[in-house]
Each structure stands twice: as structure tokens, then as C-alpha cells.
Number of protein chains: 2
Amino acid sequence: MPRTPREGPRRPTIADIAERAGVSKVSVSYALNGNPGLSEATRSRILQVAKEIGWQPNRAARALSAARSGACGLAFARPARTLAYEPFFNKLLAGIEAALSAQDVALMIQIVEDTDAEAAMLRRWWAERRVDGVLLVDLRTDDPRVATVEELKLPAVIIGGPGHTGSLPFFPGNDAGGMHLIVEHLTSLGHRRIDRVAGSANFAAVQVRSRIFKRLLTRAGAVGRVVGADFTSLGGEAATRKLLELAEPPTAVVYDNDIMAVAGLGVAQEMGARVPEDLSIVSFEDSILCEVVRPSVTATVRDVEAFGAVAARALIEVIEGREVTPHGPQTSSLVARRSSSRPGR
Amino acid sequence: MPRTPREGPRRPTIADIAERAGVSKVSVSYALNGNPGLSEATRSRILQVAKEIGWQPNRAARALSAARSGACGLAFARPARTLAYEPFFNKLLAGIEAALSAQDVALMIQIVEDTDAEAAMLRRWWAERRVDGVLLVDLRTDDPRVATVEELKLPAVIIGGPGHTGSLPFFPGNDAGGMHLIVEHLTSLGHRRIDRVAGSANFAAVQVRSRIFKRLLTRAGAVGRVVGADFTSLGGEAATRKLLELAEPPTAVVYDNDIMAVAGLGVAQEMGARVPEDLSIVSFEDSILCEVVRPSVTATVRDVEAFGAVAARALIEVIEGREVTPHGPQTSSLVARRSSSRPGR
DNA sequence: CTGAAAGCGCTTACAG
DNA sequence: CTGAAAGCGCTTACAG
């Protein structure tokens with residue numbers, strides 16, 4: 001006895017449309033794809049029938065003949081343990097997703113441990129024709145993904161940069177601008193000893209921030225040290241402790257993300273520092289974390305959703321072989337909250 | 001001039017394998033799919049060649065002939081504004097993703113505004129043969145998705161329940177158990193007036209919690225009111241304000257998620273209530289938010305990642321037409337932090 | 001303006 | 001144990 005698969009309603013094909021409209025399958029295909037060479041009357045009749053019977057393209061068939069999957073991929077390299085809390089990722093995902101689905105492109109996602117695993121994943125997606133293009137996030141300074149997509153000629157767009165982007169189009173996250181806002185905020189409050197707890201050093205964005213941070217401090221006649229951490233709360237705590245135990249502790253600390261900033265705040269308070277009187281704290285990247293702690297944390301804000309949407313639309317351009325219009329960095333702003341004030345009061 | 005598509009390396013097909021191995025394409029297909037009826041020698045030679053030339057199946061071709069996409073879908077109904085902060089979603093996603101990719105199944109995701117849009121999306125995925133099955137999360141009491149997948153006979157698994165699950169397999173999130181832990185914690189501390197700030201009333205899980213909450217209070221000889229909110233910080237704030245302004249304010253409040261709990265904590269403190277001396281606060285659902293605020297917030301914890309993985313594996317069973325082994329609720333535990341103590345001290 | 005043919009890369013019966 | 005045929009549902013040249 002042949003196995004009886006679950007049936008469910010029948011899914012109409014272009015053959016059904018052709019039959020009902022009294023034309024060939026080819027004409028149906030032409031009408032559906034807006035191909036010229038069909039009378040307006042025929043075309044609209046076909047489209048009418050397609051709508052009536054609720055036809056939707058079989059994606060596999062279309063992909064096979066058109067050599068296009070109609071999907072884009074986002075492989076996200078994060079150690080499993082850092083996954084729970086990711087406002088940046090969520091917003092980015094929402095923006096990408098919205099832009100893609102508006103153009104009827106699906107999004108395929110995969111979470112991997114590191115960028116090497118991600119490069120392997122990209123290779124696999126390519127080999128399986130699963131995706132027409134990919135978005136690359138969290139660009140590293142020595143990033144295997146760039147060479148991989150270049151080699152495969154897989155359409156790709158980098159969310160991040162500049163630097164280390166190879167020949168790929170990239171969308172800078174305004175690291176320089178954000179850092180500028182923060183240093184300006186603190187120096188104008190009177191701070192002259194500003195330290196920074198940086199994210200993982202192999203992130204391209206972190207290097208950009210480090211460079212601009214030094215330059216801005218010098219220009220403002222201030223001094224500052226940079227302690228490396230890894231974007232986690234534990235890293236933020238350890239780095240903060242180290243800084244506050246120095247002979248000449250800072251009057252302000254800048255953190256490369258919200259989670260380290262909030263962790264640093266907790267440690268500072270435990271060590272008896274009053275925030276902001278003894279120590280000002282500023283986070284590069286806003287989130288609800290910065291809002292709910294006491295004192296609330298001053299932070300830079302950027303429209304991450306829009307950022308993701310712009311990059312996703314650019315990827316579609318690349319896939320369709322069009323030129324990508326170069327895009328300036330995201331605009332940032334600074335939300336001054338209770339964790340920053342004039343030093344020593 | 002024909003457009004020259006970007007070339008890149010060539011992707012080998014089973015025809016290439018067949019040629020190099022000196023067999024027919026059918027034999028290759030048999031070998032690749034572990035189909036019997038091939039000598040061991042032939043099979044291993046074919047697999048060897050496939051590996052050598054780096055063959056990967058063309059997913060579109062396989063999907064078209066096997067009527068299987070090799071992908072599952074997760075459409076996530078959330079108003080855009082609540083998207084930024086979602087530890088539960090992130091953990092669930094990580095668990096689902098890990099389980100699926102371990103079995104070589106891709107994950108397709110889509111973010112939509114509400115469950116009606118999600119039902120429409122499911123219908124579309126089905127019509128396009130984009131997915132072989134779907135995961136349903138955040139089950140509502142009047143959920144259009146259940147009827148939709150039943151009608152389409154689209155394999156589906158519900159993350160949540162019991163109740164409102166129709167004929168579909170479901171994986172309960174242990175709402176009863178979590179609530180039990182919380183009420184037990186508070187009553188054993190001596191609380192007798194325990195209120196609750198509930199999540200959106202149309203969530204099936206919220207209704208389960210409400211029912212068990214009442215029952216447990218009665219059994220413990222305690223009293224309590226339930227104020228509805230919507231899982232957002234604004235909702236949590238308003239509800240808390242309302243409760244604390246009552247003639248007989250509670251000595252403890254239970255919140256249906258971390259974000260409302262933390263928002264409630266802030267409001268309570270602003271209103272002059274000392275936490276936990278005047279008011280104990282407990283969150284149903286732990287997250288870093290509960291850890292970073294002062295006082296830190298007592299919360300119930302469950303292994304959301306494992307939860308997602310179990311459900312995803314069950315979906316694969318359903319897709320393959322096997323019986324789904326019924327699964328008990330997740331195990332929960334309670335992390336007692338600083339926000340809860342004996343009342344009135 | 002319209003249609004018959006070929007093909008995308010696989011899998012699934014079926015015959016030897 | 002092995003292979004030739006047919007077909008999945010589309011699209012893409014090409015001929016009328």
C-alpha cells in the first residue's frame with residue numbers, strides 16, 4: 001500500500017491557470033512575470049484567474065529554473081552564551097526582515113559559534129543555492145567571511161566598516177560619530193581623565209572607535225586609557241574594577257556597549273564610588289538596560305532598525321546586479337541621563 | 001549582448017558525480033540518499049567522489065522533486081515596538097535553530113504585526129512550499145493560526161498550551177509550575193496580600209497563570225488581585241501605580257515578565273515604597289534585567305533554549321509522519337534575589 | 001502577439 | 001544489484 005501523505009487542499013500550478021484562461025503555460029509565466037509580448041487583455045485575464053484560484057509560485061520550481069532562491073541569509077556568529085540579550089541584534093533583524101519581506105524575499109538565519117563556522121555556512125548556502133545573497137554583521141579585523149564571499153562571488157553586503165571590507169559594499173555604523181558625541185559630552189562637562197572599556201579588539205568597529213577616541217581626547221587636552229573587554233557583563237565588571245583601582249582613577253568611563261556599562265555601574269557602586277559625582281558613565285549603544293538602572297545611563301542612540309533595512313535593500317540591489325548607491329554613516333545622537341555630570345561634585 | 005551573470009566557481013551536480021564514478025545519475029541519487037539496492041562498493045565509491053568534488057544538493061531541485069523544502073518556518077507576531085528587548089525570543093530562537101540545523105533543516109523567519117498576519121503568512125509559506133512545517137509561539141486564546149494550519153494540514157507544533165491547541169501537538173511552558181514556585185516563595189515568607197500584574201489577557205499562558213494563581217492563593221489562605229497589562233514597561237508602571245494607590249496595597253507583587261517587574265520596581269521606589277521591606281517583587285521569567293537592577297529581582301527560571309530545541313525536534317517528527325512523543329512541561333526553578341523578603345521589615 | 005520545446009537538478013517508481 | 005524514463009513546476013530562449 002502506498003503511503004498516503006497528508007493531503008490538505010490542493011495547490012494550484014500555472015497549468016491550472018493556463019487551462020482556465022485558455023492559454024499556454026508559457027503565456028501564464030509571461031503574464032505573471034510582467035514579461036512583454038502579451039496583449040493587455042490576455043495578461044489581465046491570466047492575472048485575474050491566478051488571483052481567483054489563489055495561485056502562488058512554487059518557490060522550488062522557480063528557484064530551479066530561474067537559478068534564484070528568493071531568499072537571503074544572515075548567519076550570526078555568537079558564542080551561545082551571549083545570545084540571550086541582544087537588543088542590537090533584534091532591532092537589526094527587524095529592520096532587515098521588514099525590508100526583505102517588502103520585496104518578497106525570505107530571510108534564512110543561522111546562529112554559529114564563530115566567523116570560521118559562519119564562512120563554512122556561507123559556502124554551504126552557496127553550494128546548496130539556498131540564498132541569493134548574504135548580510136555580514138559584526139565585521140572582524142581578520143574576517144574569513146570577506147574572502148569567502150569574494151571567492152564564491154556570492155552577493156554580499158557588510159553591515160559595518162569601514163576597513164577590512166575587501167571589495168564588498170559596506171554600511172558603516174557611525175562609530176566615529178558616536179564616539180565624537182560621547183567625548184564632546186564628557187569634555188564639555190569638564191572631564192579630563194576619561195577611560196574606556198572597549199569591546200573585543202578583533203571587531204573592526206572597536207578598532208575604529210579606539211583610533212578616534214585617542215584622537216579626540218588629545219584634541220580636547222584630555223587623557224585616557226583603554227582596557228579591553230569582550231562585550232559581556234563579566235568583562236565589563238573586571239575592566240571597571242581594574243580602572244578604579246589605579247593610582248589615578250578616571251572621572252569618567254566610556255563603555256563599548258550597554259551591558260558592560262551597566263555591569264560597570266554596579267561594580268563602581270559596590271566599590272563605593274558615587275555615580276555620577278565620583279564617576280560618570282556613558283554607554284556606546286542605548287537599550288532598556290540603560291533606562292532601568294539607577295542612576296540611568298547616558299548613551300548614544302542610533303536607528304538600528306533603519307540601519308538594517310538600508311543594508312538589506314542594498315543587498316537586493318547587488319543581487320540584481322545594480323550599482324549600490326554609497327551610503328553615509330548612520331546618524332547618532334546622545335541621550336544624557338543621570339549617570340553623567342560634571343566631575344567632582 | 002546577453003547579460004553575463006557573476007560566475008564564480010562551478011557548482012557540481014549529480015551528473016558530475018555520475019560521470020566521474022562511471023555510474024548513472026540514479027545510482028548516485030540512491031547512494032546519496034541511503035537507498036538500498038546498491039552494492040557497498042559502488043555506494044562508497046560514489047560517496048567518495050561526491051566528497052572529493054565538494055558536491056552539495058541543490059535544494060531547489062531536491063525540493064521540487066521530493067516535495068520537501070528542507071526548511072521550517074517561525075513567524076513571530078510582535079508589534080514592532082516591542083521587538084528590541086526579547087531575551088525569551090532570543091533563547092528560544094537559539095534552541096530551535098540548533099536543533100534544526102543539527103538535522104540539516106533550515107529556519108525561515110518572519111516578523112509580523114499580529115496573529116492574523118501570521119496566519120496569512122503561514123498560508124503563503126504553504127502555498128509557495130517554502131516550509132515543510134511551522135512552529136507556533138505565543139499562543140493566544142482565540143488564535144487564528146491553529147485553524148489555519150489544521151485546514152492546510154501543514155505540520156505544526158505549538159510552543160505553549162495547554163488549551164486552545166486544537167488537534168496540534170503542544171509543548172507547555174510550565175506556567176502552573178512557575179506560578180507555584182512564586183506563590184510558595186512569597187507565602188512561606190509570610191505574605192498574605194499578593195497582587196499580580198498579568199500579561200496580555202489573550203495569551204493562553206496568561207490565562208493558565210491567572211487560574212492557578214487564584215487557586216494557590218486561596219489554598220494558602222492569602223488574597224490577591226490581578227491587574228492586566230501588556231508585557232511592556234509602560235504597562236507594568238501603570239499597573240503598579242494603580243495597585244500601590246489602593247486602600248489596602250499589596251505586600252508583594254508578581255509580574256508576568258521581567259520587563260514589567262523592573263518597571264514596577266522603578267515606580268514603587270519613586271512612590272516611596274522600600275523594596276523589599278514595604279513591597280516584595282517577583283518576576284515570572286528571569287533575564288539580565290532582573291540581575292542588574294537594585295535591588296536585584298527574584299525570578300523564576302526555565303531553560304528556554306532546551307524548550308525550543310525539544311519543540312523543534314518534535315516538529316521534525318511530525319513532518320516525517322512519526323508520532324510525537326508527548327512531553328511534560330519544562331522544569332522551572334526560582335532564583336531568590338534581593339527584591340523579596342518577609343513583609344513589613 | 002502567441003506557443004511548442006528544452007531544461008534547471010534532483011527523486012521516484014518501474015523494468016531489467 | 002543497476003539503469004532508462006518520467007516528472008516535480010517553473011523560466012528561458014527560439015520559432016512562428
# chains A, B, ... in the order shown; residues from 1 in each chain; ligands from 1

$ select_by_dssp --residues "range 250-302 of chain B" --states "strand (DSSP E)" --output "list in words"
Ala252, Val253, Val254, Tyr255, Ser280, Ile281, Val282, Ser283, Phe284, Thr298, Ala299, Thr300, Val301 and Arg302 of chain B

$ write_last_selection --atoms "C-alpha atoms" --output "compact mmCIF listing (two decimals), in the first residue's frame"
# COMPACT_ATOMS: atom_id res chain seq x y z
CA ALA B 252 4.08 41.63 47.27
CA VAL B 253 3.51 41.87 43.54
CA VAL B 254 4.10 39.16 40.96
CA TYR B 255 4.80 40.25 37.39
CA SER B 280 8.37 42.36 47.55
CA ILE B 281 8.67 41.97 43.80
CA VAL B 282 8.92 38.73 41.84
CA SER B 283 9.20 38.22 38.11
CA PHE B 284 7.87 35.31 36.12
CA THR B 298 13.69 37.44 42.36
CA ALA B 299 12.52 35.44 39.35
CA THR B 300 11.60 32.05 38.01
CA VAL B 301 13.98 30.50 35.54
CA ARG B 302 13.37 27.94 32.85

$ interface_residues --of "chain B" --to "chain C" --cutoff "12 Å" --atoms "only C-alpha atoms (C1' of nucleotides)" --output "ChimeraX atom specification"
/B:11-16,25-30,32-33,35,56-68

$ interface_residues --of "chain A" --to "chain B" --cutoff "8 Å" --atoms "only C-alpha atoms" --output "PyMOL selection string"
chain A and resi 6-9+11+55-61+63-64+69+80+83-88+90-91+94+97-98+101+106-111+124+127-130+151-154+262-263+266+288-289+292-294

$ write_last_selection --atoms "C-alpha atoms" --output "short mmCIF file (atom, residue, chain, number, x, y, z; two decimals), in the first residue's frame"
data_model
loop_
_atom_site.label_atom_id
_atom_site.label_comp_id
_atom_site.auth_asym_id
_atom_site.auth_seq_id
_atom_site.Cartn_x
_atom_site.Cartn_y
_atom_site.Cartn_z
CA ARG A 6 -1.21 14.20 4.50
CA GLU A 7 -3.29 15.71 1.76
CA GLY A 8 -4.74 19.06 2.63
CA PRO A 9 -6.03 21.44 -0.02
CA ARG A 11 -2.01 23.83 -4.52
CA TRP A 55 -2.09 30.69 -7.08
CA GLN A 56 1.30 31.27 -5.51
CA PRO A 57 4.56 30.36 -7.19
CA ASN A 58 6.18 27.13 -6.16
CA ARG A 59 9.43 28.57 -4.89
CA ALA A 60 11.43 25.45 -5.55
CA ALA A 61 10.36 25.32 -9.18
CA ALA A 63 14.38 28.70 -7.96
CA LEU A 64 15.38 25.74 -10.04
CA SER A 69 16.21 31.14 -4.42
CA ALA A 80 25.94 30.54 22.56
CA LEU A 83 22.80 35.10 22.86
CA ALA A 84 20.13 35.80 25.41
CA TYR A 85 20.48 39.53 25.50
CA GLU A 86 20.81 41.21 22.13
CA PRO A 87 18.77 44.35 21.59
CA PHE A 88 21.08 45.38 18.78
CA ASN A 90 16.84 42.17 17.48
CA LYS A 91 16.48 45.62 16.06
CA ALA A 94 13.54 43.53 12.49
CA GLU A 97 13.28 41.40 7.83
CA ALA A 98 10.92 44.27 7.06
CA SER A 101 9.72 40.88 3.04
CA ALA A 106 12.67 35.45 2.53
CA LEU A 107 15.22 35.53 5.29
CA MET A 108 17.18 32.48 6.30
CA ILE A 109 19.01 32.61 9.57
CA GLN A 110 21.64 30.58 11.29
CA ILE A 111 23.44 31.06 14.55
CA ARG A 124 27.25 25.65 2.14
CA ALA A 127 26.60 25.30 -2.77
CA GLU A 128 23.01 24.42 -1.98
CA ARG A 129 21.68 27.54 -3.73
CA ARG A 130 19.81 28.27 -0.57
CA GLU A 151 35.80 33.82 -3.91
CA LEU A 152 32.31 32.44 -4.43
CA LYS A 153 31.13 35.68 -5.98
CA LEU A 154 28.21 35.43 -3.63
CA VAL A 262 25.53 48.62 33.37
CA ALA A 263 27.83 45.98 34.82
CA GLY A 266 27.18 48.03 39.56
CA ILE A 288 16.30 49.46 28.01
CA LEU A 289 19.09 48.36 30.33
CA VAL A 292 16.08 50.87 34.08
CA VAL A 293 19.20 51.02 36.22
CA ARG A 294 19.73 53.70 38.88
#

$ atom_distance --atom1 "CA of Gln207 in chain B" --atom2 "CA of Arg219 in chain B"
18.6 Å

$ atom_distance --atom1 "CA of Asn174 in chain B" --atom2 "CA of Met260 in chain B"
19.7 Å

$ atom_distance --atom1 "CA of Leu216 in chain B" --atom2 "CA of Gln330 in chain B"
19.6 Å

$ residues_around --residues "Gly173 in chain B" --least-positions-apart "5" --cutoff "9 Å" --atoms "only C-alpha atoms (C1' of nucleotides)" --output "ChimeraX atom specification"
/B:159-162,178,205,302,304,307,329-331

$ residues_around --residues "range 136-142 of chain A" --least-positions-apart "5" --cutoff "9 Å" --atoms "only C-alpha atoms (C1' of nucleotides)" --output "VMD selection string"
chain A and resid 73 to 77 115 156 to 161 163 to 165 201 to 205 207
